[in-house]
Structure formats: C-alpha cells, structure tokens
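start17.cif (mmCIF, C-alpha atoms) appears below.
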data_structure
loop_
_atom_site.group_PDB
_atom_site.id
_atom_site.type_symbol
_atom_site.label_atom_id
_atom_site.label_comp_id
_atom_site.auth_asym_id
_atom_site.auth_seq_id
_atom_site.Cartn_x
_atom_site.Cartn_y
_atom_site.Cartn_z
ATOM 1 C CA ALA X 20 -247.391 26.970 -36.166
ATOM 2 C CA THR X 21 -248.802 28.030 -32.797
ATOM 3 C CA VAL X 22 -246.287 25.872 -30.965
ATOM 4 C CA ASP X 23 -243.390 27.337 -32.927
ATOM 5 C CA ILE X 24 -244.469 30.921 -32.252
ATOM 6 C CA ALA X 25 -244.817 30.168 -28.549
ATOM 7 C CA ALA X 26 -241.416 28.488 -28.534
ATOM 8 C CA VAL X 27 -239.758 31.447 -30.227
ATOM 9 C CA GLY X 28 -241.393 33.815 -27.746
ATOM 10 C CA SER X 29 -240.068 31.742 -24.853
ATOM 11 C CA ILE X 30 -236.591 31.591 -26.357
ATOM 12 C CA LEU X 31 -236.327 35.327 -26.958
ATOM 13 C CA ALA X 32 -237.842 36.305 -23.615
ATOM 14 C CA SER X 33 -236.196 33.733 -21.351
ATOM 15 C CA SER X 34 -232.928 35.496 -20.695
ATOM 16 C CA SER X 35 -234.206 38.766 -19.262
ATOM 17 C CA ASN X 36 -237.378 39.922 -17.570
ATOM 18 C CA ARG X 37 -236.843 43.395 -18.984
ATOM 19 C CA TYR X 38 -236.573 42.185 -22.568
ATOM 20 C CA GLN X 39 -239.863 42.230 -24.438
ATOM 21 C CA PRO X 40 -239.505 40.451 -27.782
ATOM 22 C CA LYS X 41 -241.337 41.765 -30.797
ATOM 23 C CA ILE X 42 -244.381 39.660 -31.594
ATOM 24 C CA VAL X 43 -243.967 38.049 -35.006
ATOM 25 C CA SER X 44 -246.216 35.854 -37.094
ATOM 26 C CA TYR X 45 -245.365 32.365 -38.267
ATOM 27 C CA VAL X 46 -245.039 33.662 -41.838
ATOM 28 C CA ALA X 47 -242.532 36.279 -40.681
ATOM 29 C CA LEU X 48 -240.523 33.600 -38.892
ATOM 30 C CA CYS X 49 -240.459 31.459 -42.020
ATOM 31 C CA LYS X 50 -239.274 34.410 -44.087
ATOM 32 C CA ASP X 51 -236.511 35.242 -41.615
ATOM 33 C CA PRO X 52 -235.301 32.290 -39.488
ATOM 34 C CA LEU X 53 -232.347 34.410 -38.348
ATOM 35 C CA ILE X 54 -234.697 35.995 -35.810
ATOM 36 C CA LEU X 55 -233.889 33.025 -33.587
ATOM 37 C CA LEU X 56 -230.232 34.020 -33.507
ATOM 38 C CA GLN X 57 -231.238 37.044 -31.433
ATOM 39 C CA ALA X 58 -231.395 34.691 -28.458
ATOM 40 C CA ARG X 59 -228.952 35.572 -25.706
ATOM 41 C CA ALA X 60 -226.133 33.423 -24.384
ATOM 42 C CA ALA X 61 -228.303 32.250 -21.485
ATOM 43 C CA VAL X 62 -230.511 30.379 -23.966
ATOM 44 C CA TRP X 63 -227.531 28.565 -25.475
ATOM 45 C CA LYS X 64 -226.299 27.595 -22.019
ATOM 46 C CA CYS X 65 -229.622 26.000 -21.082
ATOM 47 C CA LYS X 66 -229.757 22.548 -22.679
ATOM 48 C CA GLY X 67 -233.552 22.424 -22.892
ATOM 49 C CA LEU X 68 -233.951 25.872 -24.451
ATOM 50 C CA ARG X 69 -231.037 25.254 -26.806
ATOM 51 C CA ARG X 70 -232.523 21.996 -28.081
ATOM 52 C CA MET X 71 -235.907 23.666 -28.495
ATOM 53 C CA MET X 72 -234.348 26.501 -30.468
ATOM 54 C CA ILE X 73 -232.416 24.188 -32.797
ATOM 55 C CA ARG X 74 -235.510 22.087 -33.462
ATOM 56 C CA VAL X 75 -237.574 25.156 -34.343
ATOM 57 C CA LEU X 76 -234.705 26.510 -36.434
ATOM 58 C CA PHE X 77 -234.603 23.290 -38.461
ATOM 59 C CA ASP X 78 -238.304 23.659 -39.295
ATOM 60 C CA LEU X 79 -238.053 27.358 -40.108
ATOM 61 C CA MET X 80 -235.054 26.816 -42.386
ATOM 62 C CA SER X 81 -236.977 24.206 -44.347
ATOM 63 C CA ALA X 82 -239.986 26.496 -44.735
ATOM 64 C CA ASN X 83 -237.752 29.433 -45.627
ATOM 65 C CA GLU X 84 -236.061 27.411 -48.356
ATOM 66 C CA CYS X 85 -239.417 26.680 -49.988
ATOM 67 C CA ILE X 86 -240.395 30.349 -49.852
ATOM 68 C CA THR X 87 -237.039 31.477 -51.229
ATOM 69 C CA MET X 88 -237.096 29.023 -54.131
ATOM 70 C CA LYS X 89 -240.619 30.151 -55.010
ATOM 71 C CA ASP X 90 -240.131 33.920 -54.723
ATOM 72 C CA SER X 91 -236.615 34.342 -56.153
ATOM 73 C CA ALA X 92 -236.093 35.599 -59.686
ATOM 74 C CA SER X 93 -233.974 32.572 -60.584
ATOM 75 C CA PRO X 94 -232.678 29.350 -59.017
ATOM 76 C CA SER X 95 -229.165 30.811 -58.866
ATOM 77 C CA ALA X 96 -230.416 33.861 -56.956
ATOM 78 C CA ALA X 97 -232.238 31.594 -54.522
ATOM 79 C CA LEU X 98 -229.117 29.504 -54.039
ATOM 80 C CA ARG X 99 -227.011 32.585 -53.273
ATOM 81 C CA HIS X 100 -229.565 33.753 -50.718
ATOM 82 C CA LEU X 101 -229.763 30.357 -49.019
ATOM 83 C CA THR X 102 -225.988 29.960 -48.976
ATOM 84 C CA ALA X 103 -225.592 33.362 -47.320
ATOM 85 C CA ARG X 104 -228.308 32.481 -44.794
ATOM 86 C CA ASP X 105 -226.736 29.143 -43.932
ATOM 87 C CA THR X 106 -223.290 30.715 -43.654
ATOM 88 C CA VAL X 107 -224.559 33.091 -40.971
ATOM 89 C CA ILE X 108 -226.315 30.288 -39.096
ATOM 90 C CA PHE X 109 -223.317 27.967 -39.334
ATOM 91 C CA ARG X 110 -220.902 30.619 -38.071
ATOM 92 C CA CYS X 111 -223.094 31.456 -35.074
ATOM 93 C CA VAL X 112 -223.653 27.831 -34.066
ATOM 94 C CA LEU X 113 -219.985 26.970 -34.613
ATOM 95 C CA PHE X 114 -218.866 29.870 -32.436
ATOM 96 C CA VAL X 115 -221.203 28.786 -29.647
ATOM 97 C CA CYS X 116 -220.071 25.155 -29.789
ATOM 98 C CA ALA X 117 -216.392 26.091 -29.855
ATOM 99 C CA SER X 118 -216.712 28.611 -27.024
ATOM 100 C CA THR X 119 -216.084 27.044 -23.627
ATOM 101 C CA SER X 120 -217.604 30.126 -22.003
ATOM 102 C CA VAL X 121 -220.989 29.266 -23.549
ATOM 103 C CA LEU X 122 -221.136 25.471 -23.644
ATOM 104 C CA THR X 123 -219.421 23.645 -20.819
ATOM 105 C CA SER X 124 -219.899 20.185 -22.365
ATOM 106 C CA THR X 125 -217.797 18.823 -25.223
ATOM 107 C CA HIS X 126 -220.470 19.514 -27.800
ATOM 108 C CA CYS X 127 -224.210 19.635 -28.377
ATOM 109 C CA ASP X 128 -225.487 16.788 -30.550
ATOM 110 C CA MET X 129 -228.293 18.858 -32.061
ATOM 111 C CA CYS X 130 -225.962 21.748 -32.904
ATOM 112 C CA VAL X 131 -223.507 19.362 -34.528
ATOM 113 C CA SER X 132 -226.350 17.725 -36.445
ATOM 114 C CA LEU X 133 -227.464 21.125 -37.745
ATOM 115 C CA MET X 134 -223.966 22.072 -38.888
ATOM 116 C CA ARG X 135 -223.372 18.709 -40.541
ATOM 117 C CA SER X 136 -226.693 19.036 -42.338
ATOM 118 C CA ILE X 137 -225.766 22.483 -43.651
ATOM 119 C CA ALA X 138 -222.270 21.403 -44.704
ATOM 120 C CA SER X 139 -223.569 18.339 -46.538
ATOM 121 C CA ARG X 140 -226.247 20.073 -48.592
ATOM 122 C CA ARG X 141 -224.867 23.589 -49.071
ATOM 123 C CA ARG X 142 -221.598 23.675 -50.980
ATOM 124 C CA GLY X 143 -219.489 26.754 -50.415
ATOM 125 C CA VAL X 144 -220.470 27.523 -46.827
ATOM 126 C CA ILE X 145 -217.308 26.030 -45.323
ATOM 127 C CA ALA X 146 -215.055 27.655 -47.922
ATOM 128 C CA THR X 147 -216.664 31.039 -47.295
ATOM 129 C CA LEU X 148 -216.181 30.757 -43.538
ATOM 130 C CA VAL X 149 -212.579 29.651 -43.939
ATOM 131 C CA MET X 150 -211.829 32.560 -46.260
ATOM 132 C CA GLN X 151 -213.466 35.021 -43.856
ATOM 133 C CA GLY X 152 -211.326 33.666 -41.037
ATOM 134 C CA LEU X 153 -212.253 31.593 -38.000
ATOM 135 C CA PRO X 154 -210.851 31.537 -34.461
ATOM 136 C CA GLN X 155 -208.554 28.588 -33.866
ATOM 137 C CA SER X 156 -211.048 27.058 -31.439
ATOM 138 C CA SER X 157 -213.694 27.102 -34.181
ATOM 139 C CA VAL X 158 -211.276 25.548 -36.670
ATOM 140 C CA ASP X 159 -210.444 22.778 -34.203
ATOM 141 C CA PHE X 160 -214.134 22.062 -33.612
ATOM 142 C CA LEU X 161 -214.867 22.107 -37.339
ATOM 143 C CA VAL X 162 -212.090 19.637 -38.090
ATOM 144 C CA ARG X 163 -213.026 17.334 -35.225
ATOM 145 C CA PHE X 164 -216.809 17.175 -35.478
ATOM 146 C CA ILE X 165 -217.820 18.231 -39.023
ATOM 147 C CA PRO X 166 -216.326 15.719 -41.492
ATOM 148 C CA GLU X 167 -218.670 17.038 -44.201
ATOM 149 C CA SER X 168 -216.424 20.104 -44.377
ATOM 150 C CA PHE X 169 -214.253 18.011 -46.708
ATOM 151 C CA GLN X 170 -216.979 18.299 -49.356
ATOM 152 C CA ASP X 171 -215.845 21.888 -49.908
ATOM 153 C CA ALA X 172 -212.373 20.735 -50.958
ATOM 154 C CA SER X 173 -212.889 21.926 -54.540
ATOM 155 C CA GLU X 174 -214.022 25.351 -53.356
ATOM 156 C CA LEU X 175 -211.022 25.592 -51.019
ATOM 157 C CA MET X 176 -208.643 24.716 -53.854
ATOM 158 C CA SER X 177 -210.269 27.379 -56.018
ATOM 159 C CA LEU X 178 -209.641 29.958 -53.297
ATOM 160 C CA LEU X 179 -206.004 28.921 -53.028
ATOM 161 C CA ASP X 180 -205.609 29.324 -56.793
ATOM 162 C CA GLU X 181 -206.906 32.916 -56.743
ATOM 163 C CA LYS X 182 -203.420 34.391 -56.480
ATOM 164 C CA ASP X 183 -204.353 37.705 -58.072
ATOM 165 C CA ALA X 184 -207.738 38.237 -56.422
ATOM 166 C CA ILE X 185 -207.020 37.110 -52.842
ATOM 167 C CA PRO X 186 -204.112 38.537 -50.784
ATOM 168 C CA LEU X 187 -201.396 36.075 -49.860
ATOM 169 C CA VAL X 188 -201.981 36.425 -46.119
ATOM 170 C CA GLU X 189 -205.628 35.413 -46.530
ATOM 171 C CA ARG X 190 -204.638 32.487 -48.727
ATOM 172 C CA LEU X 191 -202.163 31.345 -46.077
ATOM 173 C CA VAL X 192 -204.932 31.335 -43.464
ATOM 174 C CA THR X 193 -207.136 29.394 -45.865
ATOM 175 C CA ALA X 194 -204.327 26.933 -46.584
ATOM 176 C CA SER X 195 -203.771 26.298 -42.888
ATOM 177 C CA THR X 196 -207.413 25.402 -42.272
ATOM 178 C CA ALA X 197 -207.673 23.477 -45.539
ATOM 179 C CA LEU X 198 -204.656 21.401 -44.546
ATOM 180 C CA SER X 199 -206.263 20.511 -41.208
ATOM 181 C CA ILE X 200 -209.506 19.507 -42.938
ATOM 182 C CA CYS X 201 -207.541 17.489 -45.473
ATOM 183 C CA VAL X 202 -205.527 15.538 -42.902
ATOM 184 C CA ALA X 203 -208.560 14.788 -40.724
ATOM 185 C CA ASN X 204 -210.765 13.589 -43.585
ATOM 186 C CA SER X 205 -208.386 12.147 -46.169
ATOM 187 C CA SER X 206 -210.197 8.802 -46.056
ATOM 188 C CA ARG X 207 -213.266 10.439 -47.612
ATOM 189 C CA GLY X 208 -211.421 10.868 -50.907
ATOM 190 C CA GLU X 209 -207.717 10.196 -51.310
ATOM 191 C CA VAL X 210 -207.339 11.832 -54.712
ATOM 192 C CA THR X 211 -209.137 14.992 -53.611
ATOM 193 C CA ALA X 212 -207.164 15.007 -50.365
ATOM 194 C CA LYS X 213 -203.869 14.826 -52.267
ATOM 195 C CA ASN X 214 -204.908 17.700 -54.520
ATOM 196 C CA LEU X 215 -205.966 19.836 -51.564
ATOM 197 C CA LEU X 216 -202.754 18.970 -49.735
ATOM 198 C CA SER X 217 -200.703 19.971 -52.767
ATOM 199 C CA ALA X 218 -202.563 23.268 -53.164
ATOM 200 C CA SER X 219 -202.088 24.077 -49.473
ATOM 201 C CA LEU X 220 -198.372 23.300 -49.527
ATOM 202 C CA ASP X 221 -197.904 25.361 -52.696
ATOM 203 C CA THR X 222 -199.487 28.306 -50.901
ATOM 204 C CA PHE X 223 -197.152 27.856 -47.938
ATOM 205 C CA VAL X 224 -194.185 27.853 -50.308
ATOM 206 C CA ASP X 225 -195.461 31.026 -51.963
ATOM 207 C CA GLY X 226 -195.676 32.682 -48.561
ATOM 208 C CA PHE X 227 -192.303 31.529 -47.280
ATOM 209 C CA HIS X 228 -190.788 34.946 -47.935
ATOM 210 C CA LEU X 229 -193.121 36.381 -45.294
ATOM 211 C CA VAL X 230 -191.250 34.264 -42.756
ATOM 212 C CA ILE X 231 -187.662 34.915 -43.838
ATOM 213 C CA GLY X 232 -188.198 38.500 -44.992
ATOM 214 C CA PRO X 233 -187.118 40.161 -48.256
ATOM 215 C CA LEU X 234 -184.079 38.813 -50.084
ATOM 216 C CA GLY X 235 -180.854 40.294 -48.782
ATOM 217 C CA LEU X 236 -182.272 41.131 -45.355
ATOM 218 C CA PRO X 237 -180.190 39.575 -42.548
ATOM 219 C CA VAL X 238 -182.180 37.244 -40.337
ATOM 220 C CA SER X 239 -181.254 36.315 -36.783
ATOM 221 C CA VAL X 240 -181.616 32.553 -36.623
ATOM 222 C CA PHE X 241 -179.617 31.457 -33.611
ATOM 223 C CA ARG X 242 -180.027 32.991 -30.164
ATOM 224 C CA ASP X 243 -178.411 32.237 -26.855
ATOM 225 C CA GLU X 244 -180.674 30.072 -24.673
ATOM 226 C CA GLU X 245 -179.927 32.033 -21.509
ATOM 227 C CA ASN X 246 -180.122 35.692 -22.518
ATOM 228 C CA GLY X 247 -181.720 35.505 -25.978
ATOM 229 C CA GLN X 248 -178.924 37.491 -27.636
ATOM 230 C CA ASP X 249 -178.242 37.003 -31.319
ATOM 231 C CA ILE X 250 -175.335 34.580 -31.882
ATOM 232 C CA THR X 251 -175.807 34.119 -35.638
#
Would you write the structure of this file as structure tokens?
Amino acid sequence: ATVDIAAVGSILASSSNRYQPKIVSYVALCKDPLILLQARAAVWKCKGLRRMMIRVLFDLMSANECITMKDSASPSAALRHLTARDTVIFRCVLFVCASTSVLTSTHCDMCVSLMRSIASRRRGVIATLVMQGLPQSSVDFLVRFIPESFQDASELMSLLDEKDAIPLVERLVTASTALSICVANSSRGEVTAKNLLSASLDTFVDGFHLVIGPLGLPVSVFRDEENGQDIT
C-alpha cells in the first residue's frame, strides 16, 4: 500500500513543479482508481512512468471491484458501476494509444494488455464506446490491437436494431465501426460475424437516402474532371 501511494504521488507530481497533488490514502485510491487518470500527458509520454501507472491502476481496479461488489445494493448495480468505470478508463487509454502526439511508438504493451483485459471481462464497454463515437484513429487502433472487441458483437447488433430509440446517423456510425470489427475478427466466430455483417449492411441500406437525398430531389452525379461543372 505504501509503495502504491508513493507511486501515485510521483505520477501526479512528475509533470509540473508547481502542481501539488492532493494527498490521498490507499483506501481512497481503491475507492476511486480514476484519480490516476488525472496524470498529465508528460506521464504518458514517459515509458517508465506510464508502465508504473498502468501497473498501479491494475491493482487499484481489482481492489475497487471487490469494494464495489461488497458495498453495492445489488450485483446488477455493482456491474453497472464497474462497467461505467471501465468505459472511462478504456476510452482514456485508447485515446492515448491512438494519439501520435502522445505516444510516438506503435503501441504500449501494458496499455494494450489493460484494454484487452477490460474488453474480455466487461461486456458492453466496447458497444458503449462505439455508440458514443470514437475518432477514426481510435477505431483503427481498436480494430488492429483489441480482438476482444468482437465479444461485444451481440451488444452492437442490439444497438443497430434500436431503430426507434437511436437516431439513424448514430446507428450508421455504429455500423461502420461494427463492420470494421467484424471483418478484422471474423475468425473468432463465423456465425456471429455473419449476423453482425448483415445487421451493419441493413443499417447502411436504411441510411442510403441520406446519401442520395429525398425522393424527387435532383442529384448531380457526373462532373467535368477539369472544372467540376455539373454535366449530368
């Protein structure tokens, strides 16, 4: 516990001499592991500090899960809390890994390990992030390095089926990411992959009118290569 508190203090204070982190107890850290995400970009850029932070975060997440399961009113309430917590952590780590301005290397093994661990044990995190919207760089990283994202195929299909509750534009964004996940990880379950592919394509068909415009509206299809004028 003493080592973890010292590590957190170093992580939060390392990026600025003027920044004085609030002293917290080990119990407080276990109750709120997200404190570590207050670390500045300089910590993520330093390989040693980043690896230290991820290691401590692993331990704090495990302790926090035990506390949450014990103190929550019901198992379902605990699961909702933990899913929300892991969604925040996953999004932050994914953004850092996908941002070339933060990490200059291809990827950080410990960060990838953390995200794969979350995706494998916490159903719904990937689907939630996809529905909320991710930058294309984050989607590319997710598809390339997190094969466990395919485990949320059922949740993604459920989102695509929510035609009345979710706006079409949001479902199109979800379908685009779901299709990428499906193509990259089809070997992990061919039947599921086919179903996800079908649901994604159905959504694209539903949204085709957004491309061509309302019925009866003239659309300029052909343009001159030199001046760009309409030659339809």
Centre, x/y/z edge lengths, axis-aligned box for segment 53-59 of chain X with 4 Å per side, as JSON:
{"center_x": -231.8, "center_y": 35.0, "center_z": -32.0, "size_x": 13.7, "size_y": 12.0, "size_z": 20.6}
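Here atom CA of Asp171 of chain X and atom CA of Arg142 of chain X stand 6.1 Å from one another.
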Pick out the closest residue to Arg190 of chain X from this set: X:Ile137, X:Met71, X:Val62, X:Ala146. Count all atoms listed in the file.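 With all atoms listed in the file as the atom set, the closest residue is X:Ala146.
Nearest residue to Met80 of chain X, choosing from X:Ala212, X:Cys49, X:Leu68, X:Ala96 and counting only C-alpha atoms: X:Cys49.
The coordinates place atom CA of Ala103 of chain X at 20.1 Å from atom CA of Met176 of chain X.
Ranking X:Val192, X:Lys213, X:Arg110, X:Met88 by their shortest atom-to-atom distance to Leu56 of chain X, with all atoms listed in the file included, puts X:Arg110 first.
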With the file shown as input, list the residues that the PyMOL selection byres ((chain X and resi 73) around 12) selects, as a VMD selection string. chain X and resid 23 26 to 27 30 52 to 53 55 to 56 58 62 to 63 66 to 72 74 to 80 108 to 109 112 127 to 134
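Of note, atom CA of Val107 of chain X and atom CA of Leu220 of chain X are spaced 29.2 Å apart.
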Quick one: residues within 10 Å of Leu229 of chain X, all atoms listed in the file counted, chain neighbours fewer than 4 positions away excluded, as a list in words?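 Within the cut-off, the hits are Leu187, Val188, Phe223, Val224, Asp225 and Pro233 of chain X.
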Carefully work through the PyMOL selection byres ((chain X and resi 149-163) around 8) for this structure and note down the residues it includes, as a list of chain:residue names.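 Output from the PyMOL selection byres ((chain X and resi 149-163) around 8), applied to this file: X:Leu113, X:Phe114, X:Cys116, X:Ala117, X:Ser118, X:Ile145, X:Ala146, X:Thr147, X:Leu148, X:Phe164, X:Ile165, X:Pro166, X:Ser168, X:Leu178, X:Glu189, X:Arg190, X:Val192, X:Thr193, X:Thr196, X:Ser199, X:Ile200, X:Ala203.
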Of the candidates X:Glu174, X:Glu167, X:Glu181, X:Asp51, which one gets nearest to Arg135 of chain X if we count all atoms listed in the file?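 Among the listed residues, X:Glu167 lies closest to Arg135 of chain X.
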Using all atoms listed in the file, which residue out of X:Lys182, X:Arg141, X:Arg207, X:Arg59 lies closest to Gly226 of chain X?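 With all atoms listed in the file as the atom set, the closest residue is X:Lys182.
In terms of minimum interatomic distance to Gln57 of chain X, X:Cys111 ranks closest within X:Ala138, X:Ala92, X:Cys85, X:Cys111, counting only C-alpha atoms.
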